[in-house]
There are 4 protein chains.
Amino acid sequence: MPTHLGQNQYGKAETRVVRVVRDGATHHLKDLNVSVALSGDMDEVHYSGSNANVLPTDTTKNTVFAFAKEHGIESPEAFAVHLARHFVTGQEPIKRARIRVEQYGWERIGGPGHSFVRTGQETRTTEVTFDGERWQVISGLKDLVVLNSTDSEFWGYVKDPYTTLKEAYDRILATEVTARWRFAWTGDEQPVPAWEASYEEVRGHLLAAFAQTYSLSLQQTLYAMGSRVVEGCDGIDEVRLSLPNKHHFLVDLQPFGLKNDNEVYFAADRPYGLIEGTVLRDGAEAAIPVTD
Amino acid sequence: MPTHLGQNQYGKAETRVVRVVRDGATHHLKDLNVSVALSGDMDEVHYSGSNANVLPTDTTKNTVFAFAKEHGIESPEAFAVHLARHFVTGQEPIKRARIRVEQYGWERIGGPGHSFVRTGQETRTTEVTFDGERWQVISGLKDLVVLNSTDSEFWGYVKDPYTTLKEAYDRILATEVTARWRFAWTGDEQPVPAWEASYEEVRGHLLAAFAQTYSLSLQQTLYAMGSRVVEGCDGIDEVRLSLPNKHHFLVDLQPFGLKNDNEVYFAADRPYGLIEGTVLRDGAEAAIPVTD
Amino acid sequence: MPTHLGQNQYGKAETRVVRVVRDGATHHLKDLNVSVALSGDMDEVHYSGSNANVLPTDTTKNTVFAFAKEHGIESPEAFAVHLARHFVTGQEPIKRARIRVEQYGWERIGGPGHSFVRTGQETRTTEVTFDGERWQVISGLKDLVVLNSTDSEFWGYVKDPYTTLKEAYDRILATEVTARWRFAWTGDEQPVPAWEASYEEVRGHLLAAFAQTYSLSLQQTLYAMGSRVVEGCDGIDEVRLSLPNKHHFLVDLQPFGLKNDNEVYFAADRPYGLIEGTVLRDGAEAAIPVTD
Amino acid sequence: MPTHLGQNQYGKAETRVVRVVRDGATHHLKDLNVSVALSGDMDEVHYSGSNANVLPTDTTKNTVFAFAKEHGIESPEAFAVHLARHFVTGQEPIKRARIRVEQYGWERIGGPGHSFVRTGQETRTTEVTFDGERWQVISGLKDLVVLNSTDSEFWGYVKDPYTTLKEAYDRILATEVTARWRFAWTGDEQPVPAWEASYEEVRGHLLAAFAQTYSLSLQQTLYAMGSRVVEGCDGIDEVRLSLPNKHHFLVDLQPFGLKNDNEVYFAADRPYGLIEGTVLRDGAEAAIPVTD
C-alpha cells in the first residue's frame, strides 16, 4: 500500500450543555458549547473499519452531560480538565484529548432570581489538551468588537506602484478581537490557576490597552494589548491576537457642498485588513498554533 | 398584454453609516444600518426600462450619508423621518417611502472619551413609512435572548394520536425576542414621541414581564409582555411579538446512575416552537404586518 | 382590560425530515425543512395560560415525521396539503394552517444507486394555507444567483443634488433571485396542478428571461421574468420577485497605468440595491404578501 | 522589556475580484475571494508603530485587482503564485507571502454567451505559500455535501459506562467534505502541475471513493477518500480531510403504529461527530497544518 495514515482525531463537536445550580430561589447558570477531539491508537478503524478501539462520539457527548452533573461546571477550564483526564486515563487506546469549550454569558434581569438575559458580547473560549502527562490550556475570547473614534493614525508606510492610499492623521480604529492566551500551568503538581478571576483580568487588560494606546498602526495596538496581558498576568506566558481591521471610511460629502470633519463614516464589510501576531514572555516558547 | 405590474418598491438596502459627534474629548457614536424602499409612478421602468422617474438607489445611499451630516442622528426614528419626508416631498413620482433602520449599541470603555465596545445584545429597529400625509412608525428590537430557569409549566394540552410529549411542571423557558411596536403618532400636527426614552421604557417592560410572569405556556408570556408595553406606554397602540421557543431538554442521566433534578439541559437548535402574536390597545386597529 | 389579542399563530418551525424510498438498489431521496403555523380559537392560552385548545408544537413535529411515512413525499406542495388538511379538519379549535416547506436538491453520484451530492444551488420553497374551505399555494425558490456579463445599461435616471452615479452603457447585472408564484388552484374540486413539473417549468422561464432580456434597469428584468412565468404557465396567476442588485463595480486601474475594458470588477456585499415587484395575470387579484 | 514579538502576519483579507474575458460574444468568468498574508521584518511596526517596512493592506488589495488584468486568472493556483512571487521579490522586508483563494463556480444558462448561474455546490480553495525559495501549494474544496442512503454500518465499538448508542447495521452516512491536498511541486525548476485538470480529477476521486466504499465507520471512508486521491494523482503527496458526521437519526414511529424500515430520518444539526485525518504518500512528510 503506497499510502499511510497521518495525524487524525475524532469526537463529538458542539454539545450544547446548560447547567443550572439552585441556591434556594437564586439560580446560577452555565451555558457551554463543548467539542471533544480524541486521538491515539486509531490506525485500524481507518484501514479496515474495525471499531474495536473506538469510543463512540455519542459516548463523548453523554460524558459531557454526565460530568455536568457529577462535577458541576466551575469554569470552562476546570470542566475541560475533568473531561480530558477522563478520556485519556479511562481508555487505553486514547493517548490524547483536546477539549474545546465556548461559554456564553448571561446576566440577571432585576436582582437575584431565576431570570437571565444573554449578554451578547464576547464569547469566552478555552482549549485544554492532555496527553497523560502534560496539560496545555489556551483560553481566550472572540467576537469582542471595539472602536476608538480618534487617537489613530496611519502614515509613513511603503509606497509601491500599486499604492493609492492617502495617509491618515486621525481615523477610526475598530476591530473584532479574537484573543487566545496560554497558561504556564502544565502539570498536576503545580497550583491550578484561578480560571474565573484570570478571565476577567485578561479581558480588562485587553480593553484597557486598546483604549489607552495612541495608535500609529493596528500592529502597534496588537502588541500593546498582548504585552499588557503577559505583563499583568503572572500565569500567562503567551498571547495570540487576530485583529481584523474593521474599516470605517470617511465619506466624501464635498459633492453635496458639505464638509466631513471626521463625522460621517461608511462601515465596510469586505475586504478588511487582517493583523495577527503572538506576544511572548521572554524565555517562553511559542505554543499557540497559527491557525488563520 | 395579458399581465400587469402590481405592488413594487425599490431602494438601497443596508447602508452602514456611523456618525461621530465630538463634544471636546468626549465622543458620541451612532451606528446604523439604513434601508430605503421607495414606490410611486414606476410602471414605465418595469414595462420599458425607461428610468425617467427613477432616482438611483446610489442616490438614496448618498442621501443617507449626507443627512447624517446635515441633520445628525438623534434617534433612528427621527433620522428615518427626515429621510422619508425628503424622498416623498422631493421627487414628484415618489408617493411613498419606507425607511428601515437597525441600530447597534455601543458602551464606553472606561469613562467618557473616545473608546467603545459593542454591547452585542439586542439590535434596535425601526420602520418609518410616509405617504405624504400620514406617518406610521413601527419600532422594535431583535436578538434579545432571555431565559427563566423555573416558573414555567406546560400541561393540560390536547392529546391526539401523534402526541408523545410528557407534561412538564418545572421547565426552562427561553426565547429570542423579536418585538415590534407601533406608535399612535401619525401626523406632523401631533406632538412627536420621545423616541429615545420610549425605547428604554419598552425594553424594560418586555424584560420585566418576561421575568415576572409565572408561565403556563409561552403564549401566556407573549401576551403578558405585549400588554405590559401597551398598558405602560401611552403612545403605543400595538405590539407584535415573535418568540421562538428555544427548547432546553432535560437530559436523561438515569443510564449513568445519576439523578437529574432540573440541573442539566441540552440546548437544542432545530426544530423549535414558534409563537407569534399581536397585542392591541382596545379601540386600536391592527397595522403591524404579519411577516413571518 | 384595556388590551386584547390580535392575529396569532403557533407551531413547530424547521423540522428537518429526510425520506428515503428504496426501489431495489436504486434509492430516491427527499430532503425537507417543514414549518407549521396554526391559528384558531386560541384566546384562552394567551389570556390565562390554559392549554385546553393547544395541540403541542411537539405533536406537529411528530405529525411531519409520521406523514412522511404514511403519505410519502411526492412534492413539497402535496406533502404540505396533507399536513394542512389534517390539522384543520382534525382539531376543532384549529381554523387555519399554514405549512411552509424548503426542499434541498440532491443529484446522484455516478448512475442510479444510493449515493448523492447536494446540488447546492437554489432552495425550492412552498407555502400552503388552508382555512377549511379554500387553499392558497405559493411556491417559489430562493438563493438562485445569476449574472449577465453584458447587455445591461443604466442611464437616463433622475439626478437630484445627491446624485453622483455615472451612467453606464455596459455593466454586469447580477442578482440572487427570490421568487414566489401563486397557483390559481384554490379548491379540492379543481384539478390539482402538476407540482413537480411546474417547478421545473417556472425555474426554466426565470432563467431564460433573465438571460435573454437586454436590460435597461433591473426593474425591467424583473418584469420580464415575472411576466414570462405568468404567460408561460396557465395555472399561475401571480409572481413576486425580490431581486437584490449584487453590484459589480468596475475597478479603476488607471493609477497603475492599466486600462479596464470591462474586465476586472469588485463584487460588493453591502449596501445593495433591492428591487421588488409583483406581476399579475390580468383579472387576477394580488394575494402574495409583501414581506420585505 | 519582559515580552517580545513572536509569529506575525498581515494583509488584506477577502478581496472579491471577478474577471471577465470576452471571446467575441462568448464570455468567460472567474470569481475569486483572495486573502493575502505577509510576514518578514515587521518588529518595528509592532514595537513603535513605525510603518517604514509596511506595505499597506490597501496596496495588496489593489495588486489583486491589477494582477487580474495584467496576468489574467487561469486558475486560482496560478493567480496566487503570481501574487506571492510579487510580494516576496518586490519588497525587501517581506520574507514570506501566503495567498489564499476561494473560487466560486458558475455554469452557463443556455449555451455559450454571457449569462451564468452560480453552481452553488462546493467552493474550490487554494493556499499558496512562498518564502523566496520554496513553494507550497495546498488546494482543496469545502461545503461539498454528500450522502449514502445505505452501505454504512457502525458496531463493534468500545462500550464504557457512558455508552448508550445502539449498534447500527444499515444507516445513512452523510458528511460535508472539507478537503485539502498538497502538491509535490515546490520549486520553479520543476514542471508546474496542471492546476485546472487536477482539481476536476481530485474532486472525481473524492466523490467516487465516498460512493463506492462500503463503510464500517466514517474513519474508514475518510481513509478511502484520501488514499484514492494520493494513489490516483502523481503530483499530490498528502491529503487532509475534515468530515463532520451529519447525523440522520431514524425516527421512532412505533408510538403512531407505524414501522420505519429505514425510510424516515431526522436530519440533526448539533452536536455532530467530527472525523479528521491526514493521508500521506509513503515517504512524504506531513505539511498540511492541523487547523481544526
# chains A, B, ... in the order shown; residues from 1 in each chain; ligands from 1
$ interface_residues --of "chain A" --to "chain B" --cutoff "9 Å" --atoms "only C-alpha atoms" --output "count of residues only"
58
$ residues_around --residues "B:Phe79" --least-positions-apart "6" --cutoff "10 Å" --atoms "only C-alpha atoms" --output "list in words"
Val34, Val64, Phe67, Ala68, His71, Gly72, Ile73, Ile99, Val101 and Val128 of chain B
$ select_by_dssp --residues "stretch 30-145 of chain C" --states "strand (DSSP E)" --output "MDAnalysis selection string"
chainID C and resid 30:40 94:103 106:108 115:118 123:130 135:145
$ select_by_dssp --residues "stretch 167-277 of chain A" --states "alpha helix (DSSP H)" --output "number ranges by chain"
A: 195-212, 218-232
$ residues_around --residues "D:Gln190" --least-positions-apart "6" --cutoff "12 Å" --atoms "only C-alpha atoms" --output "PyMOL selection string"
chain D and resi 134-135+183-184+235
$ write_last_selection --atoms "C-alpha atoms" --output "short mmCIF file (atom, residue, chain, number, x, y, z; two decimals), in the first residue's frame"
data_model
loop_
_atom_site.label_atom_id
_atom_site.label_comp_id
_atom_site.auth_asym_id
_atom_site.auth_seq_id
_atom_site.Cartn_x
_atom_site.Cartn_y
_atom_site.Cartn_z
CA ARG D 134 10.30 27.16 -1.93
CA TRP D 135 6.66 26.91 -2.89
CA PHE D 183 1.13 19.23 -4.36
CA ALA D 184 4.63 17.76 -4.52
CA GLY D 235 1.60 15.14 -8.18
#
$ closest_residue --among "B:Gln7, B:Gln136, B:Asn245, B:Thr278" --to "C:Asp58" --atoms "only C-alpha atoms"
B:Asn245
$ residues_around --residues "A:Ala97" --least-positions-apart "5" --cutoff "9 Å" --atoms "only C-alpha atoms" --output "VMD selection string"
chain A and resid 9 36 to 40 83 to 85 87 to 88 128 to 132
$ write_last_selection --atoms "C-alpha atoms" --output "short mmCIF file (atom, residue, chain, number, x, y, z; two decimals), in the first residue's frame"
data_model
loop_
_atom_site.label_atom_id
_atom_site.label_comp_id
_atom_site.auth_asym_id
_atom_site.auth_seq_id
_atom_site.Cartn_x
_atom_site.Cartn_y
_atom_site.Cartn_z
CA GLN A 9 -8.57 12.80 15.63
CA VAL A 36 -14.18 16.75 22.12
CA ALA A 37 -11.30 15.55 19.90
CA LEU A 38 -9.54 12.28 20.77
CA SER A 39 -6.53 10.59 19.23
CA GLY A 40 -4.41 7.54 19.89
CA LEU A 83 -13.18 15.62 30.58
CA ALA A 84 -9.68 15.40 29.14
CA ARG A 85 -8.37 13.47 32.13
CA PHE A 87 -10.81 10.17 28.28
CA VAL A 88 -7.03 9.76 28.42
CA VAL A 128 -7.48 22.09 27.06
CA THR A 129 -5.11 19.41 25.76
CA PHE A 130 -3.81 16.46 27.79
CA ASP A 131 -1.55 13.62 26.73
CA GLY A 132 -1.50 11.76 30.04
#
$ residues_around --residues "D:Thr213" --least-positions-apart "5" --cutoff "9 Å" --atoms "only C-alpha atoms" --output "number ranges by chain"
D: 151-152, 208, 220-221, 224-225
$ residues_around --residues "C:Pro2" --least-positions-apart "6" --cutoff "10 Å" --atoms "only C-alpha atoms" --output "ChimeraX atom specification"
/B:227,230-231,280-283
$ write_last_selection --atoms "N, CA and C atoms" --output "mmCIF file, in the first residue's frame"
data_model
loop_
_atom_site.group_PDB
_atom_site.id
_atom_site.type_symbol
_atom_site.label_atom_id
_atom_site.label_comp_id
_atom_site.auth_asym_id
_atom_site.auth_seq_id
_atom_site.Cartn_x
_atom_site.Cartn_y
_atom_site.Cartn_z
ATOM 1 N N SER B 227 -48.963 43.165 26.498
ATOM 2 C CA SER B 227 -49.939 44.024 27.179
ATOM 3 C C SER B 227 -49.224 44.956 28.164
ATOM 4 N N VAL B 230 -48.192 47.988 26.080
ATOM 5 C CA VAL B 230 -49.289 48.872 25.696
ATOM 6 C C VAL B 230 -49.845 49.602 26.914
ATOM 7 N N GLU B 231 -49.978 48.864 28.001
ATOM 8 C CA GLU B 231 -50.511 49.500 29.210
ATOM 9 C C GLU B 231 -49.533 50.515 29.797
ATOM 10 N N LEU B 280 -53.166 44.460 21.137
ATOM 11 C CA LEU B 280 -53.702 45.749 20.710
ATOM 12 C C LEU B 280 -54.326 46.501 21.871
ATOM 13 N N ARG B 281 -54.162 47.803 21.876
ATOM 14 C CA ARG B 281 -54.942 48.642 22.764
ATOM 15 C C ARG B 281 -56.399 48.569 22.310
ATOM 16 N N ASP B 282 -57.310 48.449 23.252
ATOM 17 C CA ASP B 282 -58.726 48.413 22.882
ATOM 18 C C ASP B 282 -59.065 49.649 22.061
ATOM 19 N N GLY B 283 -59.711 49.421 20.954
ATOM 20 C CA GLY B 283 -60.080 50.534 20.093
ATOM 21 C C GLY B 283 -59.099 50.769 18.962
#
$ residues_around --residues "D:Thr60" --least-positions-apart "6" --cutoff "8 Å" --atoms "only C-alpha atoms" --output "number ranges by chain"
A: 162; D: 11-12, 36
